[in-house]
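Trainee: My file is my_file.pdb. It has PDB, C-alpha atoms and all ligand atoms:
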ATOM      1  CA  MET A  95       0.000   0.000   0.000
ATOM      2  CA  ILE A  96       2.581   2.536   1.143
ATOM      3  CA  GLN A  97       6.326   2.021   1.013
ATOM      4  CA  PHE A  98       9.058   4.199   2.452
ATOM      5  CA  GLN A  99      12.390   3.691   0.731
ATOM      6  CA  ASN A 100      15.444   5.325   2.310
ATOM      7  CA  VAL A 101      13.548   8.502   3.097
ATOM      8  CA  THR A 102      15.786  11.239   4.472
ATOM      9  CA  LYS A 103      15.167  14.813   5.517
ATOM     10  CA  THR A 104      17.934  17.196   6.460
ATOM     11  CA  PHE A 105      17.578  20.724   7.822
ATOM     12  CA  GLY A 106      21.004  22.259   7.202
ATOM     13  CA  SER A 107      23.475  20.010   8.977
ATOM     14  CA  ARG A 108      20.763  18.313  11.043
ATOM     15  CA  THR A 109      19.309  15.015   9.799
ATOM     16  CA  ALA A 110      15.746  14.885  11.119
ATOM     17  CA  VAL A 111      14.823  11.620   9.359
ATOM     18  CA  ASN A 112      17.613   9.267   8.377
ATOM     19  CA  LYS A 113      17.194   6.677   5.591
ATOM     20  CA  VAL A 114      13.883   5.424   6.883
ATOM     21  CA  SER A 115      12.412   2.363   5.148
ATOM     22  CA  PHE A 116       9.216   0.506   6.020
ATOM     23  CA  ASN A 117       5.998  -0.696   4.391
ATOM     24  CA  ILE A 118       2.371  -0.512   5.400
ATOM     25  CA  ASP A 119       0.790  -3.387   3.497
ATOM     26  CA  GLU A 120      -2.726  -3.349   4.933
ATOM     27  CA  PRO A 121      -5.023  -0.846   6.622
ATOM     28  CA  GLN A 122      -3.365  -0.529  10.016
ATOM     29  CA  MET A 123      -3.445   1.910  12.866
ATOM     30  CA  VAL A 124       0.216   2.784  13.288
ATOM     31  CA  GLY A 125       1.580   4.712  16.254
ATOM     32  CA  ILE A 126       4.888   6.533  15.930
ATOM     33  CA  ILE A 127       6.587   7.168  19.229
ATOM     34  CA  GLY A 128       9.856   8.714  20.332
ATOM     35  CA  ARG A 129      11.203  11.545  22.375
ATOM     36  CA  SER A 130      10.936  15.171  21.317
ATOM     37  CA  GLY A 131      13.048  15.846  18.231
ATOM     38  CA  ALA A 132      13.191  12.172  17.147
ATOM     39  CA  GLY A 133      11.736  13.053  13.720
ATOM     40  CA  LYS A 134       8.103  11.957  14.119
ATOM     41  CA  SER A 135       6.468  15.152  12.822
ATOM     42  CA  THR A 136       8.932  15.463   9.968
ATOM     43  CA  LEU A 137       8.151  11.900   8.864
ATOM     44  CA  LEU A 138       4.408  12.517   8.876
ATOM     45  CA  ARG A 139       4.700  15.880   7.162
ATOM     46  CA  MET A 140       6.779  14.365   4.353
ATOM     47  CA  ILE A 141       3.959  11.918   3.580
ATOM     48  CA  ASN A 142       1.526  14.804   3.164
ATOM     49  CA  ARG A 143       4.165  16.881   1.307
ATOM     50  CA  LEU A 144       4.022  19.663   3.898
ATOM     51  CA  THR A 145       7.765  19.150   4.311
ATOM     52  CA  PRO A 146       9.800  18.251   1.224
ATOM     53  CA  ALA A 147      11.959  15.143   1.567
ATOM     54  CA  THR A 148      15.666  15.505   0.842
ATOM     55  CA  SER A 149      15.999  12.037  -0.706
ATOM     56  CA  GLY A 150      14.317   8.656  -0.961
ATOM     57  CA  LYS A 151      10.917   7.549  -2.191
ATOM     58  CA  ILE A 152       7.457   7.221  -0.694
ATOM     59  CA  LEU A 153       5.395   4.950  -2.920
ATOM     60  CA  PHE A 154       1.616   4.759  -2.644
ATOM     61  CA  GLU A 155       0.233   1.930  -4.726
ATOM     62  CA  GLY A 156       3.441   1.994  -6.733
ATOM     63  CA  ARG A 157       3.489   5.751  -7.445
ATOM     64  CA  ASP A 158       6.189   7.977  -5.910
ATOM     65  CA  ILE A 159       4.152  10.643  -4.154
ATOM     66  CA  LEU A 160       7.282  12.768  -3.565
ATOM     67  CA  ARG A 161       7.360  13.520  -7.299
ATOM     68  CA  LEU A 162       3.779  14.734  -7.618
ATOM     69  CA  ARG A 163       3.281  18.349  -8.678
ATOM     70  CA  GLY A 164       0.400  20.824  -9.077
ATOM     71  CA  ALA A 165      -3.100  19.362  -9.156
ATOM     72  CA  MET A 166      -1.795  15.820  -8.627
ATOM     73  CA  MET A 167      -0.026  16.916  -5.457
ATOM     74  CA  ARG A 168      -3.124  18.710  -4.138
ATOM     75  CA  ARG A 169      -5.152  15.607  -4.884
ATOM     76  CA  TRP A 170      -2.675  13.554  -2.878
ATOM     77  CA  GLN A 171      -2.851  16.028   0.014
ATOM     78  CA  ARG A 172      -6.604  15.557   0.033
ATOM     79  CA  ASP A 173      -6.144  11.789   0.026
ATOM     80  CA  CYS A 174      -4.024  11.825   3.183
ATOM     81  CA  ALA A 175      -5.782  14.156   5.575
ATOM     82  CA  MET A 176      -3.781  15.712   8.414
ATOM     83  CA  VAL A 177      -4.967  16.251  11.967
ATOM     84  CA  PHE A 178      -2.786  18.566  14.060
ATOM     85  CA  GLN A 179      -2.102  19.018  17.758
ATOM     86  CA  GLN A 180      -3.539  22.548  17.693
ATOM     87  CA  PHE A 181      -6.619  21.580  15.623
ATOM     88  CA  ASN A 182      -6.008  24.345  13.009
ATOM     89  CA  LEU A 183      -9.642  25.434  12.846
ATOM     90  CA  VAL A 184     -10.802  28.923  11.891
ATOM     91  CA  PRO A 185     -11.891  30.121  15.363
ATOM     92  CA  ARG A 186     -14.568  32.617  14.348
ATOM     93  CA  LEU A 187     -16.214  30.421  11.751
ATOM     94  CA  ASP A 188     -19.015  28.093  12.764
ATOM     95  CA  VAL A 189     -18.293  24.414  13.241
ATOM     96  CA  ALA A 190     -20.150  23.199  10.123
ATOM     97  CA  THR A 191     -18.262  25.643   7.885
ATOM     98  CA  ASN A 192     -14.972  24.571   9.422
ATOM     99  CA  VAL A 193     -15.832  20.988   8.519
ATOM    100  CA  MET A 194     -16.819  21.961   4.980
ATOM    101  CA  LEU A 195     -13.424  23.603   4.518
ATOM    102  CA  GLY A 196     -12.222  20.011   4.107
ATOM    103  CA  ARG A 197     -13.949  20.138   0.711
ATOM    104  CA  LEU A 198     -12.148  23.221  -0.583
ATOM    105  CA  ASN A 199      -9.403  21.263  -2.249
ATOM    106  CA  GLY A 200     -12.057  19.381  -4.165
ATOM    107  CA  HIS A 201     -13.751  22.476  -5.605
ATOM    108  CA  GLY A 202     -12.529  24.742  -8.352
ATOM    109  CA  THR A 203     -10.548  27.827  -7.346
ATOM    110  CA  LEU A 204     -13.416  30.247  -8.013
ATOM    111  CA  LYS A 205     -15.841  28.277  -5.908
ATOM    112  CA  SER A 206     -13.241  28.015  -3.160
ATOM    113  CA  LEU A 207     -12.609  31.759  -3.229
ATOM    114  CA  PHE A 208     -16.240  32.565  -2.665
ATOM    115  CA  ASN A 209     -16.623  29.898  -0.055
ATOM    116  CA  ILE A 210     -19.631  28.353  -1.761
ATOM    117  CA  PHE A 211     -20.845  25.067  -0.430
ATOM    118  CA  GLY A 212     -23.737  23.084  -1.800
ATOM    119  CA  GLU A 213     -26.479  21.214   0.005
ATOM    120  CA  ALA A 214     -24.566  17.958  -0.373
ATOM    121  CA  ASP A 215     -21.559  19.537   1.386
ATOM    122  CA  VAL A 216     -23.769  20.662   4.280
ATOM    123  CA  ALA A 217     -25.384  17.222   4.569
ATOM    124  CA  ASP A 218     -21.980  15.489   4.526
ATOM    125  CA  ALA A 219     -20.587  17.906   7.132
ATOM    126  CA  LEU A 220     -23.504  17.241   9.464
ATOM    127  CA  GLN A 221     -23.123  13.508   8.941
ATOM    128  CA  ALA A 222     -19.397  13.704   9.768
ATOM    129  CA  LEU A 223     -20.148  15.750  12.898
ATOM    130  CA  ASP A 224     -22.848  13.287  13.894
ATOM    131  CA  ARG A 225     -20.350  10.465  13.567
ATOM    132  CA  LEU A 226     -18.025  12.293  15.904
ATOM    133  CA  GLY A 227     -20.859  12.858  18.381
ATOM    134  CA  ILE A 228     -20.909  16.669  18.097
ATOM    135  CA  VAL A 229     -23.562  17.483  15.509
ATOM    136  CA  GLN A 230     -25.386  19.523  18.139
ATOM    137  CA  GLU A 231     -22.469  22.005  18.068
ATOM    138  CA  ALA A 232     -22.709  22.599  14.286
ATOM    139  CA  THR A 233     -23.826  26.240  14.482
ATOM    140  CA  LYS A 234     -21.467  27.348  17.255
ATOM    141  CA  ARG A 235     -18.260  29.202  16.516
ATOM    142  CA  ALA A 236     -15.282  26.837  16.689
ATOM    143  CA  GLU A 237     -13.663  28.968  19.392
ATOM    144  CA  GLU A 238     -16.606  28.295  21.713
ATOM    145  CA  LEU A 239     -15.834  24.569  21.856
ATOM    146  CA  SER A 240     -13.574  22.693  24.269
ATOM    147  CA  GLY A 241     -10.227  21.392  23.011
ATOM    148  CA  GLY A 242     -11.563  17.853  22.688
ATOM    149  CA  GLN A 243     -14.592  19.029  20.734
ATOM    150  CA  GLN A 244     -12.371  21.144  18.468
ATOM    151  CA  GLN A 245     -10.203  18.140  17.736
ATOM    152  CA  ARG A 246     -13.303  16.149  16.816
ATOM    153  CA  VAL A 247     -14.303  18.976  14.451
ATOM    154  CA  ALA A 248     -10.833  18.721  12.916
ATOM    155  CA  ILE A 249     -11.309  14.972  12.454
ATOM    156  CA  ALA A 250     -14.732  15.571  10.865
ATOM    157  CA  ARG A 251     -13.046  18.056   8.503
ATOM    158  CA  ALA A 252     -10.468  15.390   7.656
ATOM    159  CA  LEU A 253     -13.281  12.912   6.892
ATOM    160  CA  MET A 254     -14.850  15.465   4.509
ATOM    161  CA  GLN A 255     -11.769  15.106   2.339
ATOM    162  CA  GLY A 256     -12.732  11.467   1.713
ATOM    163  CA  PRO A 257      -9.120  10.479   2.425
ATOM    164  CA  HIS A 258      -7.321   7.160   1.894
ATOM    165  CA  MET A 259      -5.524   7.677   5.174
ATOM    166  CA  ILE A 260      -5.476   9.924   8.212
ATOM    167  CA  LEU A 261      -2.207  11.368   9.492
ATOM    168  CA  ALA A 262      -2.516  12.640  13.046
ATOM    169  CA  ASP A 263       0.387  14.662  14.450
ATOM    170  CA  GLU A 264       0.155  14.420  18.233
ATOM    171  CA  PRO A 265      -3.625  14.766  18.171
ATOM    172  CA  ILE A 266      -4.032  14.418  21.932
ATOM    173  CA  ALA A 267      -0.989  16.325  23.177
ATOM    174  CA  SER A 268      -3.128  19.360  24.149
ATOM    175  CA  LEU A 269      -5.985  17.401  25.682
ATOM    176  CA  ASP A 270      -6.883  16.142  29.145
ATOM    177  CA  PRO A 271      -7.185  12.340  29.570
ATOM    178  CA  MET A 272     -10.945  12.253  29.064
ATOM    179  CA  ASN A 273     -10.825  14.176  25.798
ATOM    180  CA  ALA A 274      -7.703  12.292  24.754
ATOM    181  CA  LYS A 275      -9.657   9.063  25.038
ATOM    182  CA  ILE A 276     -12.598  10.400  23.053
ATOM    183  CA  VAL A 277     -10.308  11.572  20.257
ATOM    184  CA  MET A 278      -8.300   8.324  20.165
ATOM    185  CA  ASP A 279     -11.548   6.317  20.166
ATOM    186  CA  ALA A 280     -12.694   8.385  17.175
ATOM    187  CA  LEU A 281      -9.468   7.722  15.250
ATOM    188  CA  ARG A 282      -9.618   4.019  16.076
ATOM    189  CA  GLN A 283     -13.230   3.884  14.953
ATOM    190  CA  ILE A 284     -12.356   5.483  11.601
ATOM    191  CA  HIS A 285      -9.647   2.867  11.162
ATOM    192  CA  GLU A 286     -11.930  -0.041  12.064
ATOM    193  CA  ARG A 287     -15.161   1.033  10.416
ATOM    194  CA  ASP A 288     -13.774   2.612   7.266
ATOM    195  CA  ASN A 289     -10.786   0.259   6.997
ATOM    196  CA  LYS A 290      -8.412   3.210   6.657
ATOM    197  CA  VAL A 291      -4.747   3.577   7.452
ATOM    198  CA  VAL A 292      -4.302   5.870  10.442
ATOM    199  CA  ILE A 293      -0.778   6.993  11.299
ATOM    200  CA  CYS A 294      -0.581   8.755  14.590
ATOM    201  CA  ASN A 295       2.366  10.463  16.296
ATOM    202  CA  LEU A 296       2.077   9.932  20.019
ATOM    203  CA  HIS A 297       4.041  11.075  23.003
ATOM    204  CA  THR A 298       2.834   8.341  25.262
ATOM    205  CA  LEU A 299       3.612   4.642  25.234
ATOM    206  CA  ASP A 300       0.400   3.506  26.851
ATOM    207  CA  THR A 301      -1.729   5.228  24.212
ATOM    208  CA  ALA A 302       0.256   3.565  21.437
ATOM    209  CA  ARG A 303      -0.116   0.203  23.149
ATOM    210  CA  SER A 304      -3.852   0.600  23.725
ATOM    211  CA  TYR A 305      -4.876   1.857  20.316
ATOM    212  CA  CYS A 306      -2.367   0.828  17.658
ATOM    213  CA  ASP A 307      -1.911  -2.406  15.706
ATOM    214  CA  ARG A 308       1.713  -1.515  15.132
ATOM    215  CA  VAL A 309       4.190   0.753  16.863
ATOM    216  CA  ILE A 310       7.167   2.398  15.205
ATOM    217  CA  GLY A 311       9.786   3.831  17.540
ATOM    218  CA  MET A 312      12.050   6.635  16.317
ATOM    219  CA  ARG A 313      15.236   7.898  17.821
ATOM    220  CA  ASP A 314      17.490  10.581  16.335
ATOM    221  CA  GLY A 315      15.857  10.209  12.920
ATOM    222  CA  PHE A 316      16.186   6.410  12.772
ATOM    223  CA  ILE A 317      13.569   3.708  13.228
ATOM    224  CA  VAL A 318      14.771   1.704  16.229
ATOM    225  CA  PHE A 319      11.603  -0.323  16.828
ATOM    226  CA  ASP A 320       8.872  -1.628  14.542
ATOM    227  CA  GLY A 321       6.508  -4.214  15.940
ATOM    228  CA  LYS A 322       3.299  -5.141  17.643
ATOM    229  CA  PRO A 323       2.293  -3.298  20.817
ATOM    230  CA  GLU A 324       2.892  -6.420  22.901
ATOM    231  CA  GLU A 325       6.495  -6.530  21.657
ATOM    232  CA  LEU A 326       7.086  -3.089  23.071
ATOM    233  CA  THR A 327       8.860  -4.204  26.221
ATOM    234  CA  THR A 328      10.441  -1.898  28.772
ATOM    235  CA  THR A 329      13.822  -2.734  27.212
ATOM    236  CA  ALA A 330      12.534  -1.711  23.763
ATOM    237  CA  ALA A 331      11.058   1.460  25.252
ATOM    238  CA  ARG A 332      14.423   2.317  26.848
ATOM    239  CA  GLU A 333      16.085   1.956  23.461
ATOM    240  CA  ILE A 334      13.523   4.256  21.829
ATOM    241  CA  TYR A 335      13.727   6.908  24.520
ATOM    242  CA  GLY A 336      17.491   6.592  24.976
ATOM    243  CA  ALA A 337      16.934   5.987  28.667
ATOM    244  CA  ASP A 338      18.825   3.969  31.271
ATOM    245  CA  GLU A 339      17.680   1.574  34.000
ATOM    246  CA  SER A 340      15.916   4.392  35.825
ATOM    247  CA  PHE A 341      13.469   4.770  32.902
ATOM    248  CA  ASN A 342       9.951   4.874  34.219
ATOM    249  CA  GLU A 343       7.151   4.256  31.744
ATOM    250  CA  ALA A 344       4.760   6.215  33.904
ATOM    251  CA  ALA A 345       6.605   9.334  32.763
ATOM    252  CA  THR A 346       5.176   8.774  29.281
ATOM    253  CA  SER A 347       1.703   7.807  30.422
ATOM    254  CA  THR A 348      -1.626   9.555  29.984
ATOM    255  CA  ALA A 349      -3.501   6.805  31.830
ATOM    256  CA  ILE A 350      -6.035   6.410  29.043
ATOM    257  CA  ASP A 351      -7.176   3.016  27.977
ATOM    258  CA  ALA A 352      -8.733   1.991  24.662
ATOM    259  CA  GLY A 353     -11.406  -0.061  26.404
ATOM    260  CA  ASN A 354     -14.487  -0.385  24.244
ATOM    261  CA  THR A 355     -13.481   1.157  20.917
ATOM    262  CA  GLY A 356     -14.992   0.932  17.499
ATOM    263  CA  THR A 357     -18.545   1.878  18.336
ATOM    264  CA  ARG A 358     -20.243   5.135  17.660
ATOM    265  CA  GLU A 359     -21.435   5.297  21.233
ATOM    266  CA  SER A 360     -17.885   5.139  22.542
ATOM    267  CA  VAL A 361     -17.123   8.421  20.785
ATOM    268  CA  GLY A 362     -20.150  10.406  21.703
ATOM    269  CA  ALA A 363     -21.196   9.183  25.097
ATOM    270  CA  MET A 364     -18.030   8.932  27.144
ATOM    271  CA  THR A 365     -18.283   9.635  30.837
ATOM    272  CA  PRO A 366     -15.374  10.900  32.940
ATOM    273  CA  ALA A 367     -15.389   7.661  34.903
ATOM    274  CA  ALA A 368     -15.168   5.570  31.751
ATOM    275  CA  ALA A 369     -12.442   7.796  30.370
ATOM    276  CA  ALA A 370     -10.358   7.408  33.486
ATOM    277  CA  GLY A 371     -10.847   3.616  32.966
TER     278      GLY A 371
HETATM  279  N1  LIG B   1      11.600  23.535   9.893
HETATM  280  C1  LIG B   1      12.683  23.081  10.544
HETATM  281  N2  LIG B   1      13.858  23.724  10.448
HETATM  282  C2  LIG B   1      14.961  23.269  11.084
HETATM  283  N3  LIG B   1      14.986  22.152  11.850
HETATM  284  C3  LIG B   1      13.846  21.474  11.979
HETATM  285  C4  LIG B   1      12.625  21.894  11.341
HETATM  286  N4  LIG B   1      11.646  21.010  11.644
HETATM  287  C5  LIG B   1      12.208  20.077  12.452
HETATM  288  N5  LIG B   1      13.529  20.359  12.632
HETATM  289  C6  LIG B   1      14.468  19.556  13.442
HETATM  290  O1  LIG B   1      14.348  18.204  13.026
HETATM  291  C7  LIG B   1      14.414  17.345  14.152
HETATM  292  C8  LIG B   1      13.164  16.486  14.194
HETATM  293  O2  LIG B   1      12.052  17.326  14.498
HETATM  294  P1  LIG B   1      10.543  16.778  14.559
HETATM  295  O3  LIG B   1       9.667  17.951  14.828
HETATM  296  O4  LIG B   1      10.273  15.969  13.362
HETATM  297  O5  LIG B   1      10.627  15.833  15.838
HETATM  298  P2  LIG B   1       9.439  15.203  16.686
HETATM  299  O6  LIG B   1       9.859  13.822  17.022
HETATM  300  O7  LIG B   1       8.159  15.373  15.966
HETATM  301  O8  LIG B   1       9.461  16.100  17.991
HETATM  302  P3  LIG B   1       8.239  16.631  18.894
HETATM  303  O9  LIG B   1       7.703  15.410  19.593
HETATM  304  O10 LIG B   1       8.874  17.599  19.835
HETATM  305  O11 LIG B   1       7.256  17.269  17.975
HETATM  306  C9  LIG B   1      14.593  18.227  15.371
HETATM  307  O12 LIG B   1      15.963  18.298  15.666
HETATM  308  C10 LIG B   1      14.099  19.569  14.902
HETATM  309  O13 LIG B   1      14.748  20.618  15.588
END
Could the structure of this file be written out as structure tokens, please?
Ligand SMILES: Nc1ncnc2c1ncn2[C@@H]1O[C@H](COP(=O)(O)OP(=O)(O)OP(=O)(O)O)[C@@H](O)[C@H]1O

Mentor:
Amino acid sequence: MIQFQNVTKTFGSRTAVNKVSFNIDEPQMVGIIGRSGAGKSTLLRMINRLTPATSGKILFEGRDILRLRGAMMRRWQRDCAMVFQQFNLVPRLDVATNVMLGRLNGHGTLKSLFNIFGEADVADALQALDRLGIVQEATKRAEELSGGQQQRVAIARALMQGPHMILADEPIASLDPMNAKIVMDALRQIHERDNKVVICNLHTLDTARSYCDRVIGMRDGFIVFDGKPEELTTTAAREIYGADESFNEAATSTAIDAGNTGTRESVGAMTPAAAAG
């Protein structure tokens, strides 16, 4: 499906991602973990072409997406929707319009300029919000929502792009544990129900273990671990985090637990007690 071949990114003399090679052969939920500066964001941003790679290839269904230009590149960027730590919504616009902005890339320039959305766009936006359990917030300004709700709006906007995959760059780093769980449940549900690849940069080991089918550990630009969550032993974690015997996993914990994922109810109707799970 997607193949990374010796992908490297340098910023001046600093190598952020160093000859990284791996394949994703089936729709998986992949967690990328590593300490700050390990290269996680750079790796994700190269997939979406937000950051140009210095060398190597990223093949999607055999086509090198690093060589795409113009309309083909924009099409690719729509196909791999990004979700960011800081949500990147337009604060003063209402929630439904924020979600419909996910369609802009799909419209012609003129239509985009005048911000014209059709009835089908509105219906799809409401459906996406309903899926995320926040359709009742559709007419509020984005800035009126809590962080967790805003992140769900951002995920709904990503769904509006009709993407092949979702790339989430530390989507829960700004959220409290309850909202972190709701957002991770939503991403897991998209993976399970829509059979989509979700690649998620995470700061915390326990979240990666609870939610991901596969964990990739990065350190200083290299992949130093690639395996199933159950293979992520304390020794492997020490290697990823460059830590010694005193390494304490609790330091990378959010204390959220996947629990009952994959159902619509788990996204919309989470109680604080369940979230603390
Ligand atoms: N635009 C840039 N210009 C210069 N150096 C950069 C740039 N972006 C990233 N870097 C450097 O590349 C390295 C990897 O950064 P990156 O943001 O990918 O790491 P990360 O693992 O995502 O870290 P964090 O968890 O803190 O977000 C770091 O040394 C960083 O300083």

Trainee: Is it possible to get the axis-aligned box enclosing ligand LIG 1 (chain B) (all listed atoms, 3 Å extra per side) as JSON, with centre and edge lengths in Å rounded to one decimal?

Mentor:
{"center_x": 11.6, "center_y": 18.8, "center_z": 14.9, "size_x": 14.7, "size_y": 15.9, "size_z": 15.9}

Trainee: Collect all residues with atoms no farther than 7 Å from ligand LIG 1 (chain B), counting only C-alpha atoms and all ligand atoms, and output them as an MDAnalysis selection string.

Mentor: chainID A and resid 105 108:110 128:137 297 315

Trainee: Those same residues, written as an mmCIF file, in the coordinates of the input with C-alpha atoms?

Mentor:
data_model
loop_
_atom_site.group_PDB
_atom_site.id
_atom_site.type_symbol
_atom_site.label_atom_id
_atom_site.label_comp_id
_atom_site.auth_asym_id
_atom_site.auth_seq_id
_atom_site.Cartn_x
_atom_site.Cartn_y
_atom_site.Cartn_z
ATOM 1 C CA PHE A 105 17.578 20.724 7.822
ATOM 2 C CA ARG A 108 20.763 18.313 11.043
ATOM 3 C CA THR A 109 19.309 15.015 9.799
ATOM 4 C CA ALA A 110 15.746 14.885 11.119
ATOM 5 C CA GLY A 128 9.856 8.714 20.332
ATOM 6 C CA ARG A 129 11.203 11.545 22.375
ATOM 7 C CA SER A 130 10.936 15.171 21.317
ATOM 8 C CA GLY A 131 13.048 15.846 18.231
ATOM 9 C CA ALA A 132 13.191 12.172 17.147
ATOM 10 C CA GLY A 133 11.736 13.053 13.720
ATOM 11 C CA LYS A 134 8.103 11.957 14.119
ATOM 12 C CA SER A 135 6.468 15.152 12.822
ATOM 13 C CA THR A 136 8.932 15.463 9.968
ATOM 14 C CA LEU A 137 8.151 11.900 8.864
ATOM 15 C CA HIS A 297 4.041 11.075 23.003
ATOM 16 C CA GLY A 315 15.857 10.209 12.920
#

Trainee: When you draw a straight line from CA of Asp263 (chain A) to CA of Lys234 (chain A), how long is it in Å?

Mentor: 25.4 Å

Trainee: Which polymer residues have any atom within 8 Å of an atom of Phe316 (chain A), counting only C-alpha atoms, with same-chain residues fewer than 2 positions away left out, as a PDB file with C-alpha atoms, in the frame of the given file?

Mentor:
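Once written, part37.pdb looks like this:
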ATOM      1  CA  VAL A 111      14.823  11.620   9.359  1.00  0.00           C
ATOM      2  CA  ASN A 112      17.613   9.267   8.377  1.00  0.00           C
ATOM      3  CA  LYS A 113      17.194   6.677   5.591  1.00  0.00           C
ATOM      4  CA  VAL A 114      13.883   5.424   6.883  1.00  0.00           C
ATOM      5  CA  ALA A 132      13.191  12.172  17.147  1.00  0.00           C
ATOM      6  CA  MET A 312      12.050   6.635  16.317  1.00  0.00           C
ATOM      7  CA  ARG A 313      15.236   7.898  17.821  1.00  0.00           C
ATOM      8  CA  ASP A 314      17.490  10.581  16.335  1.00  0.00           C
ATOM      9  CA  VAL A 318      14.771   1.704  16.229  1.00  0.00           C
TER      10      VAL A 318
END

Trainee: Find the residues near Arg303 (chain A): any atom within 8 Å, counting all atoms listed in the file, skip ones fewer than 5 places away on the same chain, and give them as a list in words.

Mentor: Val309, Pro323, Glu324 and Leu326 of chain A

Trainee: By how many Å are CA of Leu253 (chain A) and CA of Gly321 (chain A) apart?

Mentor: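 Separation of CA of Leu253 (chain A) and CA of Gly321 (chain A): 27.7 Å.
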
Trainee: Could you please determine the separation between CA of Arg143 (chain A) and CA of Met167 (chain A) in Å, to one decimal place?

Mentor: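 A separation of 8.0 Å between them.
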
Trainee: Using all atoms listed in the file, I'd like a table of the residues in region 231-258 of chain A that come within 7 Å of region 179-186 of chain A; for each, show the closest atom pair and its distance in Å rounded to one decimal, ordered by chain and ascending number, as a Markdown table.

Mentor:
| residue | atom | partner | partner_atom | distance |
| --- | --- | --- | --- | --- |
| A:Arg235 | CA | A:Arg186 | CA | 5.5 |
| A:Ala236 | CA | A:Pro185 | CA | 4.9 |
| A:Glu237 | CA | A:Pro185 | CA | 4.5 |
| A:Gln244 | CA | A:Phe181 | CA | 6.4 |
| A:Gln245 | CA | A:Phe181 | CA | 5.4 |
| A:Ala248 | CA | A:Phe181 | CA | 5.8 |

Trainee: May I have the residues from that selection written out with C-alpha atoms, as a PDB file, in the coordinates of the input?

Mentor:
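Now in result_25.pdb:
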ATOM      1  CA  ARG A 235     -18.260  29.202  16.516  1.00  0.00           C
ATOM      2  CA  ALA A 236     -15.282  26.837  16.689  1.00  0.00           C
ATOM      3  CA  GLU A 237     -13.663  28.968  19.392  1.00  0.00           C
ATOM      4  CA  GLN A 244     -12.371  21.144  18.468  1.00  0.00           C
ATOM      5  CA  GLN A 245     -10.203  18.140  17.736  1.00  0.00           C
ATOM      6  CA  ALA A 248     -10.833  18.721  12.916  1.00  0.00           C
TER       7      ALA A 248
END

Trainee: Taking the file as I've supplied it (selection: the PyMOL selection byres (((chain A and resi 169) around 12) and not hetatm)), which residues are included? Please answer as number ranges by chain.

Mentor: A: 142-143, 159, 162-168, 170-175, 197-201, 255-258

Trainee: Which residues, named as in the file, does the PyMOL selection byres (((chain A and resi 264) around 12) and not hetatm) pick out? Answer as number ranges by chain.

Mentor: A: 125-128, 130, 134-135, 138, 176-181, 245, 261-263, 265-269, 274, 277-278, 293-298, 301-302

Trainee: Identify which of the residues A:Leu153, A:Leu239, A:Leu226, A:Leu144 lies closest to Phe116 (chain A), counting all atoms listed in the file when measuring atom-to-atom distances.

Mentor: A:Leu153

Trainee: Up to 9 Å from (11.1, 18.3, 2.1) in the file's coordinates: name the residues, counting all atoms listed in the file, as a PyMOL selection string.

Mentor: chain A and resi 102-105+136+139-140+143-149+160

Trainee: When the PyMOL selection byres (((chain A and resi 96) around 6) and not hetatm) is applied to the structure above, which residues does it catch, written out as a list in words?

Mentor: Met95, Gln97, Asn117, Ile118, Leu153 and Phe154 of chain A

Trainee: Go through A:Ile152, A:Ile249, A:Ala337, A:Met254 one by one, measure the shortest atom-to-atom distance of each to Ala214 (chain A) using all atoms listed in the file, and give the residue with the smallest value.

Mentor: A:Met254

Trainee: Residues within 7 Å of Gln122 (chain A), please, as a list of chain:residue names. Count only C-alpha atoms; anything in the same chain fewer than 6 positions from it doesn't count.

Mentor: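 So the residues in contact are A:Val291, A:Val292, A:Asp307.
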
Trainee: Write out, as an mmCIF file, in the coordinates of the input, the residues just selected, with C-alpha atoms.

Mentor:
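Heads up, here's the output in out39.cif:
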data_model
loop_
_atom_site.group_PDB
_atom_site.id
_atom_site.type_symbol
_atom_site.label_atom_id
_atom_site.label_comp_id
_atom_site.auth_asym_id
_atom_site.auth_seq_id
_atom_site.Cartn_x
_atom_site.Cartn_y
_atom_site.Cartn_z
ATOM 1 C CA VAL A 291 -4.747 3.577 7.452
ATOM 2 C CA VAL A 292 -4.302 5.870 10.442
ATOM 3 C CA ASP A 307 -1.911 -2.406 15.706
#

Trainee: Pick the closest to Ile334 (chain A) from A:Val247, A:Ala219, A:Ile310, A:Ile260: which is it, counting all atoms listed in the file?

Mentor: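 Among the listed residues, the smallest separation from Ile334 (chain A) belongs to A:Ile310.
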